[in-house]
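Heads up: the structure comes next, in structure tokens.
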Amino acid sequence: MSGDLNDLSRSVVFARGEPVSPQYARHFTGECYAHDLVPFTSPLGCVIGNVTFAPGARNSWHAHPGGQVLLVTGGRGWYQEEGQPARSLQAGDVVEILPNVRHWHGAAAESWFVHLAIETDIKGGPPVWFEPVSPEVYAGLRSQA
């Protein structure tokens, strides 16, 4: 998929949403959007958001005390756990992230990227944020593509 947002918008199901809130924007590099599908206030014990990353955008290293599941719905992106090689993602991929595993995810340099982010067992607490993914680490992903 190209970096054309119009191509992507014809293939995704959920609204792109608004730019990531100021509370979380410092944990993202580049243009990112979020749309809450199941809010934190839900009695279900999970949060589901539709997250859209512009080409090259990504979140910082972070961990979820209760774990997370990513369901990729459009575009092409990356997922990486600390100490592991990055994994290329595309529509239809599922990523299961165990509790407290440091990781990051975001768009490929030339493509928009959309996923549903499901935070599981939110009683464990909110995500713990760490440093941004360095430009050098991100630039090195092109050789893995």
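Identifiers in the structure tokens: chain A, B, ... in order shown; residue index from 1 per chain; ligand index from 1 in order shown.
Non-sequential neighbours of Val72 of chain A (distance at most 7 Å, separation of 6 or more positions within a chain, only C-alpha atoms) are Gln90, Ala91, Gly92, Asp93, Val94, Val114, His115 and Leu116 of chain A.
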Need the shell around segment 40-57 of chain A: protein/DNA/RNA residues with any atom at most 8 Å away, counting only C-alpha atoms. Skip same-chain ones fewer than 3 positions apart. Format as JSON, numbers by chain? {"A": [3, 14, 15, 16, 17, 28, 29, 30, 31, 32, 33, 34, 35, 36, 37, 106, 107, 108, 109, 110, 111, 112, 113, 114, 115, 116, 117, 118, 119, 120, 121, 122, 123]}
Given the selection you just returned, output its residues as a file containing N, CA and C atoms, formatted as an mmCIF file, in the first residue's frame.
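See again.cif below for the written result:
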data_model
loop_
_atom_site.group_PDB
_atom_site.id
_atom_site.type_symbol
_atom_site.label_atom_id
_atom_site.label_comp_id
_atom_site.auth_asym_id
_atom_site.auth_seq_id
_atom_site.Cartn_x
_atom_site.Cartn_y
_atom_site.Cartn_z
ATOM 1 N N GLY A 3 1.679 5.441 0.382
ATOM 2 C CA GLY A 3 1.492 6.393 1.460
ATOM 3 C C GLY A 3 0.253 7.245 1.280
ATOM 4 N N PHE A 14 -13.198 1.532 10.699
ATOM 5 C CA PHE A 14 -13.478 2.484 11.766
ATOM 6 C C PHE A 14 -12.930 3.864 11.447
ATOM 7 N N ALA A 15 -13.530 4.881 12.063
ATOM 8 C CA ALA A 15 -13.100 6.264 11.848
ATOM 9 C C ALA A 15 -11.657 6.463 12.281
ATOM 10 N N ARG A 16 -10.956 7.336 11.558
ATOM 11 C CA ARG A 16 -9.571 7.662 11.905
ATOM 12 C C ARG A 16 -9.494 8.304 13.275
ATOM 13 N N GLY A 17 -10.455 9.113 13.620
ATOM 14 C CA GLY A 17 -10.449 9.775 14.918
ATOM 15 C C GLY A 17 -9.722 11.096 14.884
ATOM 16 N N PHE A 28 4.487 9.871 21.093
ATOM 17 C CA PHE A 28 4.398 9.521 19.675
ATOM 18 C C PHE A 28 5.334 10.401 18.876
ATOM 19 N N THR A 29 5.910 9.829 17.824
ATOM 20 C CA THR A 29 6.719 10.566 16.867
ATOM 21 C C THR A 29 5.925 10.599 15.571
ATOM 22 N N GLY A 30 5.652 11.774 15.052
ATOM 23 C CA GLY A 30 4.903 11.892 13.814
ATOM 24 C C GLY A 30 3.409 12.050 14.056
ATOM 25 N N GLU A 31 2.672 12.004 12.975
ATOM 26 C CA GLU A 31 1.230 12.265 12.967
ATOM 27 C C GLU A 31 0.459 10.983 13.302
ATOM 28 N N CYS A 32 -0.281 11.004 14.423
ATOM 29 C CA CYS A 32 -1.030 9.837 14.871
ATOM 30 C C CYS A 32 -2.433 10.255 15.292
ATOM 31 N N TYR A 33 -3.381 9.355 15.068
ATOM 32 C CA TYR A 33 -4.782 9.613 15.377
ATOM 33 C C TYR A 33 -5.335 8.451 16.182
ATOM 34 N N ALA A 34 -6.353 8.743 17.003
ATOM 35 C CA ALA A 34 -6.976 7.687 17.801
ATOM 36 C C ALA A 34 -8.480 7.899 17.884
ATOM 37 N N HIS A 35 -9.194 6.789 17.869
ATOM 38 C CA HIS A 35 -10.649 6.802 18.007
ATOM 39 C C HIS A 35 -11.012 5.702 19.001
ATOM 40 N N ASP A 36 -11.556 6.091 20.168
ATOM 41 C CA ASP A 36 -11.956 5.107 21.179
ATOM 42 C C ASP A 36 -13.191 4.346 20.711
ATOM 43 N N LEU A 37 -13.086 3.018 20.699
ATOM 44 C CA LEU A 37 -14.223 2.168 20.353
ATOM 45 C C LEU A 37 -14.864 1.595 21.609
ATOM 46 N N GLY A 106 4.365 1.055 14.895
ATOM 47 C CA GLY A 106 4.084 2.240 14.097
ATOM 48 C C GLY A 106 4.138 1.943 12.620
ATOM 49 N N ALA A 107 3.990 2.988 11.822
ATOM 50 C CA ALA A 107 3.902 2.865 10.371
ATOM 51 C C ALA A 107 5.263 2.635 9.726
ATOM 52 N N ALA A 108 5.234 1.986 8.578
ATOM 53 C CA ALA A 108 6.418 1.926 7.719
ATOM 54 C C ALA A 108 6.657 3.335 7.175
ATOM 55 N N ALA A 109 7.858 3.588 6.727
ATOM 56 C CA ALA A 109 8.225 4.926 6.271
ATOM 57 C C ALA A 109 7.380 5.408 5.097
ATOM 58 N N GLU A 110 6.904 4.483 4.261
ATOM 59 C CA GLU A 110 6.185 4.880 3.051
ATOM 60 C C GLU A 110 4.690 4.550 3.084
ATOM 61 N N SER A 111 4.151 4.165 4.238
ATOM 62 C CA SER A 111 2.755 3.731 4.283
ATOM 63 C C SER A 111 2.039 4.212 5.543
ATOM 64 N N TRP A 112 0.777 4.552 5.382
ATOM 65 C CA TRP A 112 -0.087 4.717 6.541
ATOM 66 C C TRP A 112 -0.249 3.344 7.173
ATOM 67 N N PHE A 113 -0.638 3.321 8.449
ATOM 68 C CA PHE A 113 -0.769 2.063 9.191
ATOM 69 C C PHE A 113 -1.914 2.216 10.185
ATOM 70 N N VAL A 114 -2.813 1.241 10.205
ATOM 71 C CA VAL A 114 -3.971 1.299 11.100
ATOM 72 C C VAL A 114 -4.098 -0.028 11.837
ATOM 73 N N HIS A 115 -4.339 0.060 13.148
ATOM 74 C CA HIS A 115 -4.624 -1.154 13.911
ATOM 75 C C HIS A 115 -5.621 -0.863 15.021
ATOM 76 N N LEU A 116 -6.298 -1.908 15.432
ATOM 77 C CA LEU A 116 -7.082 -1.852 16.656
ATOM 78 C C LEU A 116 -6.138 -2.235 17.773
ATOM 79 N N ALA A 117 -6.069 -1.399 18.798
ATOM 80 C CA ALA A 117 -5.228 -1.665 19.965
ATOM 81 C C ALA A 117 -6.156 -2.050 21.107
ATOM 82 N N ILE A 118 -5.997 -3.260 21.607
ATOM 83 C CA ILE A 118 -6.826 -3.768 22.697
ATOM 84 C C ILE A 118 -5.952 -3.907 23.924
ATOM 85 N N GLU A 119 -6.225 -3.091 24.914
ATOM 86 C CA GLU A 119 -5.518 -3.220 26.188
ATOM 87 C C GLU A 119 -6.310 -4.207 27.034
ATOM 88 N N THR A 120 -5.667 -5.292 27.404
ATOM 89 C CA THR A 120 -6.341 -6.331 28.167
ATOM 90 C C THR A 120 -6.073 -6.143 29.656
ATOM 91 N N ASP A 121 -6.975 -6.604 30.463
ATOM 92 C CA ASP A 121 -6.832 -6.561 31.925
ATOM 93 C C ASP A 121 -6.348 -5.194 32.409
ATOM 94 N N ILE A 122 -7.155 -4.160 32.163
ATOM 95 C CA ILE A 122 -6.746 -2.794 32.496
ATOM 96 C C ILE A 122 -6.630 -2.540 33.996
ATOM 97 N N LYS A 123 -7.069 -3.492 34.811
ATOM 98 C CA LYS A 123 -6.895 -3.336 36.260
ATOM 99 C C LYS A 123 -5.414 -3.321 36.631
#
At a cut-off of 8 Å, using only C-alpha atoms, what residues contact Ser88 of chain A? Leave out same-chain residues fewer than 4 positions from it and give the result as a list in words. Arg76, Gly77, Trp78, Tyr79 and Ala145 of chain A
Quick one: DSSP helix (DSSP H, G or I) residues in chain A, as an NGL selection string? :A and (5-9 or 22-25 or 122-124 or 135-144)
Since we have the selection now, will you write its residues out, keeping C-alpha atoms, as a PDB file, in the first residue's frame?
ATOM      1  CA  LEU A   5      -4.352   8.217   2.841  1.00  0.00           C
ATOM      2  CA  ASN A   6      -7.223   8.166   0.332  1.00  0.00           C
ATOM      3  CA  ASP A   7      -6.307   4.602  -0.671  1.00  0.00           C
ATOM      4  CA  LEU A   8      -6.229   3.571   2.969  1.00  0.00           C
ATOM      5  CA  SER A   9      -9.506   5.293   3.925  1.00  0.00           C
ATOM      6  CA  PRO A  22      -2.024  16.107  24.341  1.00  0.00           C
ATOM      7  CA  GLN A  23      -1.765  13.741  27.329  1.00  0.00           C
ATOM      8  CA  TYR A  24      -0.297  11.037  25.050  1.00  0.00           C
ATOM      9  CA  ALA A  25       1.132  13.042  22.122  1.00  0.00           C
ATOM     10  CA  ILE A 122      -6.746  -2.794  32.496  1.00  0.00           C
ATOM     11  CA  LYS A 123      -6.895  -3.336  36.260  1.00  0.00           C
ATOM     12  CA  GLY A 124      -3.127  -3.819  35.978  1.00  0.00           C
ATOM     13  CA  PRO A 135      15.776   7.706  14.347  1.00  0.00           C
ATOM     14  CA  GLU A 136      18.740   5.341  13.875  1.00  0.00           C
ATOM     15  CA  VAL A 137      16.773   2.272  14.997  1.00  0.00           C
ATOM     16  CA  TYR A 138      13.816   3.271  12.836  1.00  0.00           C
ATOM     17  CA  ALA A 139      15.997   4.013   9.781  1.00  0.00           C
ATOM     18  CA  GLY A 140      17.599   0.572  10.138  1.00  0.00           C
ATOM     19  CA  LEU A 141      14.232  -1.093   9.519  1.00  0.00           C
ATOM     20  CA  ARG A 142      14.403  -0.331   5.790  1.00  0.00           C
ATOM     21  CA  SER A 143      17.101  -2.974   5.456  1.00  0.00           C
ATOM     22  CA  GLN A 144      14.712  -5.535   7.002  1.00  0.00           C
TER      23      GLN A 144
END
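Atom pair atom CA of Pro126 of chain A / atom CA of Gly83 of chain A has a distance of 22.7 Å (rounded to one decimal).
Using only C-alpha atoms, the smallest distance between any of A:Gln84, A:Thr73, A:Glu131, A:Gly66 and Val12 of chain A comes from A:Thr73.
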Could you pull out the residues in segment 10-134 of chain A that DSSP calls strand (DSSP E) from the backbone, as a PyMOL selection string? chain A and resi 18-19+28-29+32-38+47-53+58-59+62-63+68-81+87-90+94-97+103-107+113-119+128-129
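Considering the residues A:Ile97, A:Val13, A:Gly125, A:Trp104 and counting only C-alpha atoms, His27 of chain A has its shortest atom-to-atom contact with A:Trp104.
When only C-alpha atoms are used to compute distances to Arg58 of chain A, the closest of the residues A:Pro132, A:Glu82, A:Gly74, A:Leu98 turns out to be A:Pro132.
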